[in-house]
>>> print(open('coords.txt').read())   # compact mmCIF, C-alpha atoms and all ligand atoms
# COMPACT_ATOMS: atom_id res chain seq x y z
CA MET S 1441 0.00 0.00 0.00
CA ALA S 1442 1.42 3.39 -1.06
CA LYS S 1443 0.38 6.18 1.29
CA ILE S 1444 -0.29 9.61 -0.14
CA GLY S 1445 -0.25 12.97 1.66
CA LEU S 1446 -2.01 15.81 -0.15
CA LEU S 1447 -1.10 19.47 0.32
CA GLY S 1448 -4.02 21.66 -0.80
CA HIS S 1449 -7.62 20.59 -1.39
CA GLY S 1450 -8.63 23.23 -3.95
CA VAL S 1451 -9.82 22.53 -7.51
CA VAL S 1452 -6.93 20.21 -8.43
CA GLY S 1453 -6.30 18.70 -4.98
CA GLY S 1454 -10.03 17.94 -4.67
CA GLY S 1455 -9.81 16.17 -8.04
CA VAL S 1456 -6.88 14.05 -6.84
CA ALA S 1457 -8.90 13.00 -3.77
CA GLU S 1458 -11.87 12.18 -6.00
CA ILE S 1459 -9.85 9.96 -8.35
CA LEU S 1460 -8.02 8.16 -5.54
CA LEU S 1461 -11.31 7.45 -3.77
CA LYS S 1462 -13.57 6.72 -6.76
CA ASN S 1463 -11.06 4.64 -8.72
CA ALA S 1464 -9.46 2.96 -5.70
CA LYS S 1465 -10.35 -0.55 -6.88
CA LEU S 1466 -9.18 0.03 -10.45
CA LEU S 1467 -5.90 1.54 -9.21
CA GLN S 1468 -5.33 -1.33 -6.82
CA GLU S 1469 -5.84 -3.88 -9.61
CA ARG S 1470 -3.73 -1.96 -12.10
CA VAL S 1471 -0.80 -1.09 -9.84
CA GLY S 1472 -0.83 -4.27 -7.79
CA GLN S 1473 -1.18 -2.31 -4.56
CA GLY S 1474 -3.50 0.35 -3.21
CA LEU S 1475 -2.89 4.11 -3.45
CA GLU S 1476 -4.26 5.28 -0.14
CA LEU S 1477 -5.12 8.92 0.50
CA THR S 1478 -3.74 9.08 4.04
CA ALA S 1479 -3.77 12.76 5.01
CA ILE S 1480 -4.76 16.12 3.55
CA CYS S 1481 -3.50 19.52 4.66
CA ASP S 1482 -5.70 22.55 4.02
CA LEU S 1483 -6.51 25.54 6.21
CA ARG S 1484 -10.14 25.66 5.09
CA ASP S 1485 -13.06 23.81 6.68
CA PHE S 1486 -13.96 20.52 4.97
CA SER S 1487 -15.85 18.98 7.90
CA ALA S 1488 -18.85 18.15 5.66
CA LEU S 1489 -16.85 15.81 3.42
CA PRO S 1490 -17.14 12.02 3.94
CA TYR S 1491 -13.34 11.88 4.31
CA ALA S 1492 -13.19 14.86 6.74
CA ASP S 1493 -11.15 12.80 9.21
CA LEU S 1494 -8.13 12.91 6.83
CA PHE S 1495 -7.74 16.68 7.15
CA THR S 1496 -5.15 18.52 9.18
CA LYS S 1497 -4.20 22.18 9.22
CA ASP S 1498 -0.66 21.30 10.25
CA ALA S 1499 1.59 20.83 7.21
CA GLN S 1500 4.57 19.91 9.39
CA ALA S 1501 2.62 17.06 10.94
CA LEU S 1502 1.77 15.68 7.50
CA LEU S 1503 5.27 16.09 6.08
CA THR S 1504 6.95 14.37 8.98
CA ARG S 1505 4.59 11.38 9.18
CA PRO S 1506 6.85 8.38 8.66
CA ASP S 1507 4.10 6.33 6.99
CA ILE S 1508 3.57 8.77 4.09
CA ASP S 1509 5.49 7.73 0.96
CA ILE S 1510 4.47 10.38 -1.57
CA VAL S 1511 3.45 14.01 -1.12
CA VAL S 1512 1.20 15.65 -3.73
CA GLU S 1513 1.56 19.44 -3.78
CA CYS S 1514 -1.51 21.26 -5.11
CA MET S 1515 -1.24 24.52 -3.19
CA GLY S 1516 -0.08 26.76 -6.03
CA GLY S 1517 2.35 29.68 -5.75
CA VAL S 1518 6.01 29.48 -4.87
CA GLU S 1519 6.02 29.81 -1.08
CA PRO S 1520 5.25 28.02 1.15
CA ALA S 1521 4.96 25.28 -1.51
CA ARG S 1522 8.74 25.33 -2.16
CA SER S 1523 9.64 24.95 1.53
CA PHE S 1524 7.09 22.17 2.03
CA VAL S 1525 8.32 20.25 -1.03
CA LEU S 1526 11.97 20.54 0.05
CA TRP S 1527 10.95 19.44 3.51
CA ALA S 1528 9.10 16.40 2.15
CA ILE S 1529 12.11 15.42 0.01
CA GLU S 1530 14.45 15.86 2.97
CA ALA S 1531 12.17 13.46 4.85
CA GLY S 1532 12.67 10.91 2.03
CA LYS S 1533 9.28 11.30 0.33
CA HIS S 1534 8.66 11.39 -3.41
CA VAL S 1535 6.82 14.51 -4.59
CA VAL S 1536 4.29 15.13 -7.36
CA THR S 1537 3.09 18.63 -8.22
CA SER S 1538 0.82 20.45 -10.65
CA ASN S 1539 2.39 23.79 -9.72
CA LYS S 1540 4.16 25.31 -12.74
CA ALA S 1541 5.13 28.48 -10.86
CA LEU S 1542 6.97 26.28 -8.37
CA VAL S 1543 8.65 24.18 -11.07
CA VAL S 1544 9.96 27.27 -12.90
CA ALA S 1545 10.99 29.21 -9.79
CA ALA S 1546 12.52 26.38 -7.77
CA GLY S 1547 12.63 23.34 -10.04
CA GLU S 1548 16.42 23.23 -10.37
CA GLU S 1549 16.86 23.29 -6.59
CA ILE S 1550 14.13 20.70 -6.03
CA ILE S 1551 15.39 18.33 -8.76
CA GLN S 1552 18.90 18.51 -7.29
CA LYS S 1553 17.62 17.80 -3.80
CA ALA S 1554 15.45 14.90 -4.99
CA SER S 1555 18.41 13.38 -6.81
CA GLU S 1556 20.59 13.65 -3.68
CA ARG S 1557 17.90 12.01 -1.55
CA GLY S 1558 17.14 9.31 -4.13
CA VAL S 1559 13.46 10.22 -4.46
CA ARG S 1560 11.43 11.25 -7.49
CA PHE S 1561 9.95 14.68 -8.30
CA LEU S 1562 7.34 14.56 -11.08
CA TYR S 1563 5.30 17.39 -12.58
CA GLU S 1564 3.37 16.12 -15.61
CA ALA S 1565 0.25 18.04 -14.50
CA SER S 1566 2.10 21.37 -14.51
CA THR S 1567 1.94 21.56 -18.31
CA GLY S 1568 -1.00 20.79 -20.57
CA GLY S 1569 -3.39 19.72 -17.78
CA GLY S 1570 -4.54 16.19 -18.55
CA ILE S 1571 -2.41 15.78 -21.70
CA PRO S 1572 0.57 13.47 -21.25
CA VAL S 1573 3.47 15.39 -22.78
CA ILE S 1574 6.38 15.45 -20.31
CA GLY S 1575 6.32 11.66 -19.93
CA PRO S 1576 6.31 11.00 -23.69
CA LEU S 1577 9.09 13.56 -24.26
CA ARG S 1578 11.20 11.85 -21.59
CA GLN S 1579 10.47 8.29 -22.64
CA ASN S 1580 8.76 7.49 -25.90
CA LEU S 1581 10.47 10.29 -27.85
CA ALA S 1582 13.85 9.98 -26.14
CA ALA S 1583 15.42 8.64 -29.36
CA ASN S 1584 14.94 12.05 -30.98
CA ARG S 1585 16.63 15.41 -30.92
CA ILE S 1586 13.59 17.62 -30.34
CA ASP S 1587 13.84 20.67 -32.60
CA ARG S 1588 10.60 22.50 -32.03
CA ILE S 1589 7.61 22.67 -29.72
CA ALA S 1590 4.57 24.81 -30.57
CA GLY S 1591 1.65 24.71 -28.23
CA ILE S 1592 -1.65 26.09 -27.12
CA LEU S 1593 -0.83 25.79 -23.45
CA ASN S 1594 -3.43 27.91 -21.70
CA GLY S 1595 -7.02 26.71 -21.55
CA THR S 1596 -8.47 29.98 -20.25
CA THR S 1597 -7.18 32.11 -23.13
CA ASN S 1598 -8.11 29.48 -25.72
CA TYR S 1599 -11.61 29.44 -24.25
CA ILE S 1600 -11.81 33.25 -24.44
CA LEU S 1601 -10.48 33.38 -28.02
CA THR S 1602 -12.95 30.70 -29.11
CA ARG S 1603 -15.83 32.67 -27.61
CA MET S 1604 -14.64 35.92 -29.22
CA ARG S 1605 -14.27 34.26 -32.62
CA ASP S 1606 -17.68 32.67 -32.49
CA GLY S 1607 -19.23 36.03 -31.65
CA GLY S 1608 -20.87 34.92 -28.40
CA ALA S 1609 -19.50 36.34 -25.19
CA SER S 1610 -17.37 39.43 -24.61
CA PHE S 1611 -13.81 39.09 -23.31
CA ALA S 1612 -14.99 39.76 -19.74
CA ALA S 1613 -17.93 37.34 -19.89
CA ALA S 1614 -15.80 34.56 -21.40
CA LEU S 1615 -13.14 35.07 -18.71
CA LYS S 1616 -15.82 34.86 -16.03
CA GLU S 1617 -17.07 31.57 -17.49
CA ALA S 1618 -13.51 30.20 -17.52
CA GLN S 1619 -13.15 31.19 -13.86
CA GLN S 1620 -16.45 29.54 -12.93
CA LYS S 1621 -15.36 26.33 -14.62
CA GLY S 1622 -12.14 26.31 -12.57
CA TYR S 1623 -9.82 26.86 -15.56
CA ALA S 1624 -8.37 30.26 -14.69
CA GLU S 1625 -5.55 30.98 -12.28
CA LYS S 1626 -6.36 32.63 -8.93
CA ASP S 1627 -5.16 35.86 -10.51
CA PRO S 1628 -6.36 35.48 -14.12
CA SER S 1629 -3.91 38.11 -15.34
CA ALA S 1630 -1.37 35.22 -15.37
CA ASP S 1631 -3.59 33.58 -18.02
CA VAL S 1632 -4.52 36.57 -20.18
CA GLU S 1633 -1.06 38.23 -20.05
CA GLY S 1634 0.61 34.98 -21.17
CA ASP S 1635 2.65 34.28 -18.00
CA ASP S 1636 1.04 30.89 -17.42
CA ALA S 1637 1.82 29.75 -20.98
CA ARG S 1638 5.40 31.09 -20.65
CA ARG S 1639 5.99 28.97 -17.53
CA LYS S 1640 4.68 25.93 -19.36
CA ILE S 1641 6.83 26.40 -22.47
CA CYS S 1642 9.79 26.97 -20.14
CA ILE S 1643 9.11 23.57 -18.55
CA LEU S 1644 8.72 21.88 -21.95
CA CYS S 1645 11.97 23.46 -23.21
CA HIS S 1646 13.70 22.14 -20.10
CA VAL S 1647 12.41 18.63 -20.75
CA ALA S 1648 12.95 18.71 -24.53
CA PHE S 1649 16.16 20.74 -24.91
CA GLY S 1650 17.74 20.33 -21.47
CA SER S 1651 17.59 24.11 -21.00
CA PRO S 1652 17.69 25.69 -17.54
CA LEU S 1653 14.37 26.22 -15.75
CA SER S 1654 14.43 29.96 -16.26
CA ASP S 1655 11.90 32.00 -18.23
CA GLU S 1656 13.58 35.38 -17.93
CA LYS S 1657 14.56 35.79 -21.59
CA MET S 1658 11.31 34.53 -23.01
CA PHE S 1659 9.21 37.10 -24.86
CA THR S 1660 5.64 37.17 -23.55
CA GLU S 1661 2.58 38.82 -24.97
CA GLY S 1662 -0.92 37.76 -23.94
CA ILE S 1663 -4.32 38.29 -25.50
CA THR S 1664 -5.42 41.53 -23.83
CA LYS S 1665 -4.74 43.68 -26.90
CA LEU S 1666 -6.71 41.44 -29.26
CA GLU S 1667 -10.08 42.63 -30.48
CA LYS S 1668 -12.99 40.93 -32.17
CA GLN S 1669 -11.92 42.64 -35.41
CA ASP S 1670 -8.69 40.62 -35.41
CA MET S 1671 -10.76 37.44 -35.38
CA LEU S 1672 -12.86 38.75 -38.27
CA TYR S 1673 -9.78 39.46 -40.41
CA ALA S 1674 -8.47 36.01 -39.54
CA LYS S 1675 -11.76 34.48 -40.75
CA GLU S 1676 -11.55 36.47 -43.99
CA LEU S 1677 -8.00 35.21 -44.50
CA GLY S 1678 -9.01 31.60 -43.74
CA ARG S 1679 -7.01 31.67 -40.51
CA SER S 1680 -7.44 31.44 -36.72
CA VAL S 1681 -5.90 33.53 -33.96
CA LYS S 1682 -4.38 31.50 -31.13
CA LEU S 1683 -2.04 32.22 -28.23
CA ILE S 1684 0.97 30.16 -29.27
CA ALA S 1685 3.87 29.20 -27.04
CA LEU S 1686 6.94 28.40 -29.09
CA GLY S 1687 10.25 26.76 -28.26
CA GLU S 1688 12.78 26.29 -31.07
CA ARG S 1689 16.22 24.77 -31.10
CA VAL S 1690 18.58 26.76 -33.33
CA ALA S 1691 22.27 26.33 -34.16
CA ASP S 1692 23.68 28.18 -31.16
CA GLY S 1693 20.98 27.62 -28.53
CA PHE S 1694 17.22 27.89 -28.36
CA ARG S 1695 14.61 30.62 -28.20
CA ALA S 1696 11.19 30.63 -26.57
CA SER S 1697 8.21 32.95 -26.59
CA VAL S 1698 4.48 33.31 -26.12
CA ALA S 1699 2.50 35.53 -28.48
CA PRO S 1700 -0.77 35.69 -30.39
CA ALA S 1701 -0.42 34.13 -33.84
CA MET S 1702 -2.62 33.93 -36.92
CA LEU S 1703 -2.41 30.32 -38.08
CA PRO S 1704 -3.35 29.02 -41.52
CA GLY S 1705 -6.65 27.11 -41.41
CA ASP S 1706 -4.95 23.77 -42.04
CA HIS S 1707 -2.30 24.20 -39.31
CA PRO S 1708 -2.61 21.35 -36.76
CA LEU S 1709 -3.22 23.87 -33.95
CA ALA S 1710 -5.76 26.04 -35.83
CA GLY S 1711 -8.81 23.95 -34.94
CA VAL S 1712 -7.99 23.53 -31.23
CA SER S 1713 -10.91 25.25 -29.47
CA ASP S 1714 -12.46 25.92 -26.07
CA VAL S 1715 -10.43 24.76 -23.06
CA PHE S 1716 -8.49 22.26 -25.15
CA ASN S 1717 -4.69 22.49 -25.34
CA ALA S 1718 -2.44 20.92 -27.93
CA VAL S 1719 1.30 20.52 -28.23
CA LEU S 1720 2.97 19.97 -31.60
CA VAL S 1721 6.41 18.45 -31.14
CA ASN S 1722 8.94 17.99 -33.91
CA GLY S 1723 11.65 15.37 -33.43
CA ASP S 1724 14.47 14.74 -35.89
CA MET S 1725 13.51 11.08 -36.35
CA VAL S 1726 9.78 10.95 -35.71
CA GLY S 1727 8.78 14.22 -37.43
CA ASP S 1728 5.65 15.95 -36.11
CA VAL S 1729 3.70 14.51 -33.18
CA LEU S 1730 0.53 16.17 -31.90
CA PHE S 1731 -0.71 15.87 -28.31
CA TYR S 1732 -4.28 17.09 -27.70
CA GLY S 1733 -6.62 17.17 -24.72
CA ARG S 1734 -8.08 19.16 -21.86
CA GLY S 1735 -5.45 21.61 -20.68
CA ALA S 1736 -7.20 22.73 -17.51
CA GLY S 1737 -9.96 21.67 -15.17
CA GLN S 1738 -10.23 19.56 -12.07
CA LEU S 1739 -10.27 15.95 -13.19
CA PRO S 1740 -8.04 16.24 -16.29
CA THR S 1741 -5.28 17.86 -14.20
CA ALA S 1742 -5.81 15.40 -11.35
CA SER S 1743 -5.63 12.55 -13.88
CA ALA S 1744 -2.08 13.62 -14.77
CA ILE S 1745 -1.13 13.77 -11.08
CA VAL S 1746 -2.44 10.27 -10.38
CA GLY S 1747 -0.55 9.07 -13.48
CA ASP S 1748 2.64 10.39 -11.86
CA LEU S 1749 1.72 8.65 -8.58
CA ILE S 1750 1.35 5.33 -10.41
CA ASP S 1751 4.70 5.89 -12.15
CA ILE S 1752 6.40 6.42 -8.78
CA VAL S 1753 4.78 3.41 -7.16
CA LEU S 1754 5.86 1.20 -10.09
CA HIS S 1755 9.31 2.79 -10.55
CA PRO S 1756 10.43 4.34 -7.26
CA ALA S 1757 14.08 4.30 -8.30
CA ASP S 1758 13.69 5.65 -11.82
CA ARG S 1759 16.40 8.10 -12.79
CA ALA S 1760 16.13 11.01 -15.20
CA LEU S 1761 17.97 10.90 -18.52
CA ALA S 1762 21.30 12.63 -18.38
CA SER S 1763 21.27 15.86 -20.37
CA ALA S 1764 24.08 17.38 -22.37
CA GLN S 1765 25.33 20.87 -21.63
CA ALA S 1766 22.35 23.24 -21.36
CA PRO S 1767 21.79 25.25 -24.56
CA ALA S 1768 21.88 29.05 -24.34
CA CYS S 1769 18.56 30.92 -24.28
CA LEU S 1770 18.75 33.37 -27.20
CA ASP S 1771 16.85 36.58 -27.87
CA ALA S 1772 13.27 35.34 -28.37
CA LEU S 1773 12.70 37.74 -31.28
CA SER S 1774 15.84 36.93 -33.26
CA GLY S 1775 13.99 34.57 -35.62
CA ARG S 1776 12.38 35.48 -38.93
CA MET S 1777 8.64 36.15 -38.93
CA ARG S 1778 5.83 38.03 -40.65
CA LEU S 1779 3.59 40.27 -38.54
CA PHE S 1780 -0.06 41.26 -38.95
CA SER S 1781 -1.74 44.36 -37.59
CA ARG S 1782 -4.87 46.37 -38.25
CA VAL S 1783 -4.27 49.97 -39.29
CA LEU S 1784 -7.01 52.12 -37.80
CA ARG S 1785 -7.30 54.58 -40.69
CA PRO S 1786 -8.94 54.38 -44.13
CA LEU S 1787 -6.68 53.09 -46.90
CA THR S 1788 -5.93 56.44 -48.59
CA PRO S 1789 -2.90 56.97 -50.89
CA GLY S 1790 -1.24 58.81 -47.97
CA ALA S 1791 -1.79 55.88 -45.59
CA GLN S 1792 -0.52 53.45 -48.19
CA GLN S 1793 2.64 55.54 -48.64
CA GLU S 1794 3.13 55.63 -44.89
CA VAL S 1795 2.86 51.82 -44.64
CA GLU S 1796 5.13 51.21 -47.62
CA GLY S 1797 7.75 53.57 -46.21
CA LEU S 1798 8.23 51.28 -43.22
CA PHE S 1799 7.09 47.93 -44.59
CA PRO S 1800 8.06 47.96 -48.29
CA GLY S 1801 6.98 44.39 -48.96
CA ALA S 1802 3.76 44.48 -46.95
CA ARG S 1803 0.51 43.00 -48.20
CA LEU S 1804 -2.46 45.30 -47.55
CA VAL S 1805 -5.84 43.75 -46.79
CA THR S 1806 -9.18 45.47 -47.07
CA VAL S 1807 -12.48 43.77 -46.44
CA GLU S 1808 -15.93 44.94 -47.57
CA GLY S 1809 -18.53 45.52 -44.88
CA GLU S 1810 -19.51 47.83 -42.08
CA ALA S 1811 -17.37 45.99 -39.50
CA PHE S 1812 -14.24 46.91 -41.50
CA ALA S 1813 -15.11 50.54 -42.35
CA GLY S 1814 -12.34 53.10 -41.85
CA GLU S 1815 -9.52 50.58 -41.47
CA PHE S 1816 -7.37 48.04 -43.25
CA ALA S 1817 -4.76 45.49 -42.22
CA LEU S 1818 -1.14 44.98 -43.14
CA ILE S 1819 0.83 41.77 -43.28
CA SER S 1820 4.53 42.57 -43.26
CA GLU S 1821 7.19 40.93 -45.36
CA GLU S 1822 9.28 38.32 -43.53
CA GLY S 1823 12.08 39.83 -41.47
CA VAL S 1824 13.90 39.55 -38.16
CA GLU S 1825 11.06 39.85 -35.67
CA SER S 1826 12.70 42.35 -33.32
CA GLU S 1827 13.37 44.67 -36.31
CA LEU S 1828 9.81 44.38 -37.56
CA ARG S 1829 8.43 45.15 -34.08
CA ALA S 1830 10.78 48.15 -33.83
CA ARG S 1831 9.30 49.46 -37.09
CA PHE S 1832 5.82 49.30 -35.57
CA ALA S 1833 7.12 51.45 -32.71
CA ARG S 1834 8.05 54.11 -35.32
CA PHE S 1835 4.78 53.73 -37.26
CA ASP S 1836 2.80 56.99 -37.21
CA LEU S 1837 -0.63 55.52 -37.97
CA PRO S 1838 -2.63 54.08 -35.06
CA HIS S 1839 -2.72 50.31 -35.22
CA GLY S 1840 -4.16 47.30 -33.39
CA ALA S 1841 -2.49 44.32 -31.78
CA ILE S 1842 0.65 42.90 -33.42
CA ILE S 1843 0.00 39.28 -34.31
CA ARG S 1844 2.50 36.76 -35.67
CA TYR S 1845 1.48 35.68 -39.16
CA ILE S 1846 2.56 32.08 -39.47
CA SER S 1847 3.47 30.89 -42.95
CA PRO S 1848 1.77 27.74 -44.16
N1 LIG D 1901 -5.07 28.53 -15.79
C1 LIG D 1901 -4.54 27.41 -16.49
C2 LIG D 1901 -5.17 27.34 -17.87
C3 LIG D 1901 -4.82 26.16 -15.71
O1 LIG D 1901 -6.16 28.04 -18.11
O2 LIG D 1901 -4.68 26.62 -18.72
C4 LIG D 1901 -4.01 24.99 -16.12
O3 LIG D 1901 -2.65 25.20 -15.90
>>> encode(input="coords.txt", output="structure tokens", more="lines below")
Ligand code: HSE
Amino acid sequence: MAKIGLLGHGVVGGGVAEILLKNAKLLQERVGQGLELTAICDLRDFSALPYADLFTKDAQALLTRPDIDIVVECMGGVEPARSFVLWAIEAGKHVVTSNKALVVAAGEEIIQKASERGVRFLYEASTGGGIPVIGPLRQNLAANRIDRIAGILNGTTNYILTRMRDGGASFAAALKEAQQKGYAEKDPSADVEGDDARRKICILCHVAFGSPLSDEKMFTEGITKLEKQDMLYAKELGRSVKLIALGERVADGFRASVAPAMLPGDHPLAGVSDVFNAVLVNGDMVGDVLFYGRGAGQLPTASAIVGDLIDIVLHPADRALASAQAPACLDALSGRMRLFSRVLRPLTPGAQQEVEGLFPGARLVTVEGEAFAGEFALISEEGVESELRARFARFDLPHGAIIRYISP
């Protein structure tokens, strides 16, 4: 019998408890021993729950219980989660977490400590919710040099963009729905400003490229500047607007970023809607592999956590693959790109001259209809992205959000 201690009984922690209790028999049969939920630490009152007797408000008491084998951290945030996790590892317990902020801020320190103590630290649920992606990158795709990862890694923003595109709810109403469904972060600015997706691509780059767990040099732009008009242009162009997290291996290192992108209609990520996430991985031997599923929500995320628990129970001594020297994190905007933006002025000869002065190879797009009156859009020529963005800073005409225009 493996005994589990749970830190945090919020949306995800509650889901872990539900799976361990509801699927206890199935887990026992599958793993060959039971996974027993032994203790739960949460400061809130859960006295009405049928398993109320498992609760304690004393984290120290839970972490030092000699009978607990694995600690599941579902508290969120960096502290006190970091201290509790280090404490658990020091006490010889394996740790599973869904907490991407913790993995990015303290992952290096925790992985080192876990290796010294001979215990495992797994975090599949931190990225892509219920989609298995870290495990497959580590195991099934380990024969490959991974060259590129492109993902829709935030369920809340994908939900909002889907609602905006389909003309239903406003940005605010769609965000509220995502919060009610338990998708959004406690502070949803981490979702809509792109920070959540940046942490996740940072974790995937670490797993795929062996890069350090640091997201400092990663360019991040969320969806707050996008307007319904952008979605309408995308429709006219046979495209979809998505918040895309990108990690690319290049000759002298790798670069990573999160930014809105207009994808061609037949791009594998273009049709990923609602709360769904997808991760498109390119390996040098396997080619493209697409992972798709629910990227947020109680039971999908808890499913990934329980998967990690099973892995630990079956392979308590598993060791991580050795990684080569960490690649350098390059300027995120040093790659070549095309950029789209709406120009909020009628397409007069003067406006055209203004655009062509800065973007000589730009394609100009006008669309008939009241919704597009008094404006047009430009799609720049391909160039170094930082230089193209700098040109927008010098552009005299008012313009909308800058959106990456992904070539087919
Ligand atoms: N707020 C996150 C999302 C939850 O919307 O994807 C899962 O990490």
>>> axis_aligned_box(input="coords.txt", around="ligand LIG 1901 (chain D)", padding_each_side="6 Å", output="lines of an AutoDock Vina configuration file")
center_x = -4.4
center_y = 26.8
center_z = -17.2
size_x = 15.5
size_y = 15.5
size_z = 15.0
>>> closest_residue(input="coords.txt", among="S:Ile1641, S:Leu1798, S:Ala1766, S:Leu1526", to="Ile1592 (chain S)", atoms="all atoms listed in the file")
S:Ile1641
>>> residues_near_ligand(input="coords.txt", ligand="ligand LIG 1901 (chain D)", cutoff="9 Å", atoms="all atoms listed in the file", output="ChimeraX atom specification")
/S:1538-1540,1565-1569,1592-1599,1618-1619,1622-1626,1628,1630-1632,1636-1637,1640,1715-1717,1734-1737,1741
>>> closest_residue(input="coords.txt", among="S:Ala1488, S:Tyr1845, S:Gln1552, S:Glu1827", to="Arg1803 (chain S)", atoms="all atoms listed in the file")
S:Tyr1845
>>> atom_distance(input="coords.txt", atom1="CA of Pro1786 (chain S)", atom2="CA of Glu1815 (chain S)")
4.7 Å
>>> closest_residue(input="coords.txt", among="S:Gln1765, S:Ser1697, S:Ser1781, S:Thr1478", to="Arg1505 (chain S)", atoms="only C-alpha atoms")
S:Thr1478
>>> residues_around(input="coords.txt", residues="region 1449-1465 of chain S", least_positions_apart="3", cutoff="6 Å", atoms="only C-alpha atoms", output="list in words")
Gln1468, Cys1514, Gln1738, Leu1739 and Ala1742 of chain S
>>> closest_atom_pairs(input="coords.txt", of="region 1700-1805 of chain S", to="region 1574-1589 of chain S", cutoff="12 Å", atoms="only C-alpha atoms", output="JSON lines")
{"residue": "S:Leu1709", "atom": "CA", "partner": "S:Ile1589", "partner_atom": "CA", "distance": 11.7}
{"residue": "S:Ala1718", "atom": "CA", "partner": "S:Ile1589", "partner_atom": "CA", "distance": 10.4}
{"residue": "S:Val1719", "atom": "CA", "partner": "S:Ile1589", "partner_atom": "CA", "distance": 6.8}
{"residue": "S:Leu1720", "atom": "CA", "partner": "S:Ile1589", "partner_atom": "CA", "distance": 5.7}
{"residue": "S:Val1721", "atom": "CA", "partner": "S:Ile1589", "partner_atom": "CA", "distance": 4.6}
{"residue": "S:Asn1722", "atom": "CA", "partner": "S:Arg1588", "partner_atom": "CA", "distance": 5.2}
{"residue": "S:Gly1723", "atom": "CA", "partner": "S:Ile1586", "partner_atom": "CA", "distance": 4.3}
{"residue": "S:Asp1724", "atom": "CA", "partner": "S:Arg1585", "partner_atom": "CA", "distance": 5.5}
{"residue": "S:Met1725", "atom": "CA", "partner": "S:Asn1584", "partner_atom": "CA", "distance": 5.6}
{"residue": "S:Val1726", "atom": "CA", "partner": "S:Asn1584", "partner_atom": "CA", "distance": 7.1}
{"residue": "S:Gly1727", "atom": "CA", "partner": "S:Asn1584", "partner_atom": "CA", "distance": 9.2}
{"residue": "S:Asp1728", "atom": "CA", "partner": "S:Arg1588", "partner_atom": "CA", "distance": 9.2}
{"residue": "S:Val1729", "atom": "CA", "partner": "S:Leu1581", "partner_atom": "CA", "distance": 9.6}
{"residue": "S:Leu1730", "atom": "CA", "partner": "S:Ile1589", "partner_atom": "CA", "distance": 9.9}
{"residue": "S:Phe1731", "atom": "CA", "partner": "S:Pro1576", "partner_atom": "CA", "distance": 9.7}
{"residue": "S:Ala1744", "atom": "CA", "partner": "S:Gly1575", "partner_atom": "CA", "distance": 10.1}
{"residue": "S:Ile1745", "atom": "CA", "partner": "S:Gly1575", "partner_atom": "CA", "distance": 11.8}
{"residue": "S:Gly1747", "atom": "CA", "partner": "S:Gly1575", "partner_atom": "CA", "distance": 9.8}
{"residue": "S:Asp1748", "atom": "CA", "partner": "S:Gly1575", "partner_atom": "CA", "distance": 9.0}
{"residue": "S:Asp1751", "atom": "CA", "partner": "S:Gly1575", "partner_atom": "CA", "distance": 9.8}
{"residue": "S:Asp1758", "atom": "CA", "partner": "S:Gln1579", "partner_atom": "CA", "distance": 11.6}
{"residue": "S:Arg1759", "atom": "CA", "partner": "S:Arg1578", "partner_atom": "CA", "distance": 10.9}
{"residue": "S:Ala1760", "atom": "CA", "partner": "S:Arg1578", "partner_atom": "CA", "distance": 8.1}
{"residue": "S:Leu1761", "atom": "CA", "partner": "S:Arg1578", "partner_atom": "CA", "distance": 7.5}
{"residue": "S:Ala1762", "atom": "CA", "partner": "S:Arg1578", "partner_atom": "CA", "distance": 10.6}
{"residue": "S:Ser1763", "atom": "CA", "partner": "S:Arg1578", "partner_atom": "CA", "distance": 10.9}
{"residue": "S:Ala1764", "atom": "CA", "partner": "S:Arg1585", "partner_atom": "CA", "distance": 11.5}
>>> atom_distance(input="coords.txt", atom1="CA of Leu1828 (chain S)", atom2="CA of Phe1816 (chain S)")
18.5 Å
>>> residues_around(input="coords.txt", residues="Arg1782 (chain S)", least_positions_apart="3", cutoff="7 Å", atoms="only C-alpha atoms", output="JSON list (two decimals) with C-alpha atoms, keeping the file's coordinate frame")
[["chain", "number", "residue", "atom", "x", "y", "z"],
["S", 1816, "PHE", "CA", -7.37, 48.04, -43.25],
["S", 1817, "ALA", "CA", -4.76, 45.49, -42.22],
["S", 1818, "LEU", "CA", -1.14, 44.98, -43.14],
["S", 1839, "HIS", "CA", -2.72, 50.31, -35.22],
["S", 1840, "GLY", "CA", -4.16, 47.30, -33.39]]
>>> closest_residue(input="coords.txt", among="S:Phe1561, S:Phe1694, S:Tyr1673, S:Tyr1732", to="Ile1819 (chain S)", atoms="all atoms listed in the file")
S:Tyr1673
>>> atom_distance(input="coords.txt", atom1="CA of Phe1780 (chain S)", atom2="CA of Ala1590 (chain S)")
19.0 Å
>>> closest_residue(input="coords.txt", among="S:Glu1530, S:Glu1794, S:Asp1493, S:Val1536", to="Glu1513 (chain S)", atoms="all atoms listed in the file")
S:Val1536
>>> closest_residue(input="coords.txt", among="S:Leu1601, S:Ala1833, S:Ala1648, S:Ile1643", to="Met1702 (chain S)", atoms="all atoms listed in the file")
S:Leu1601
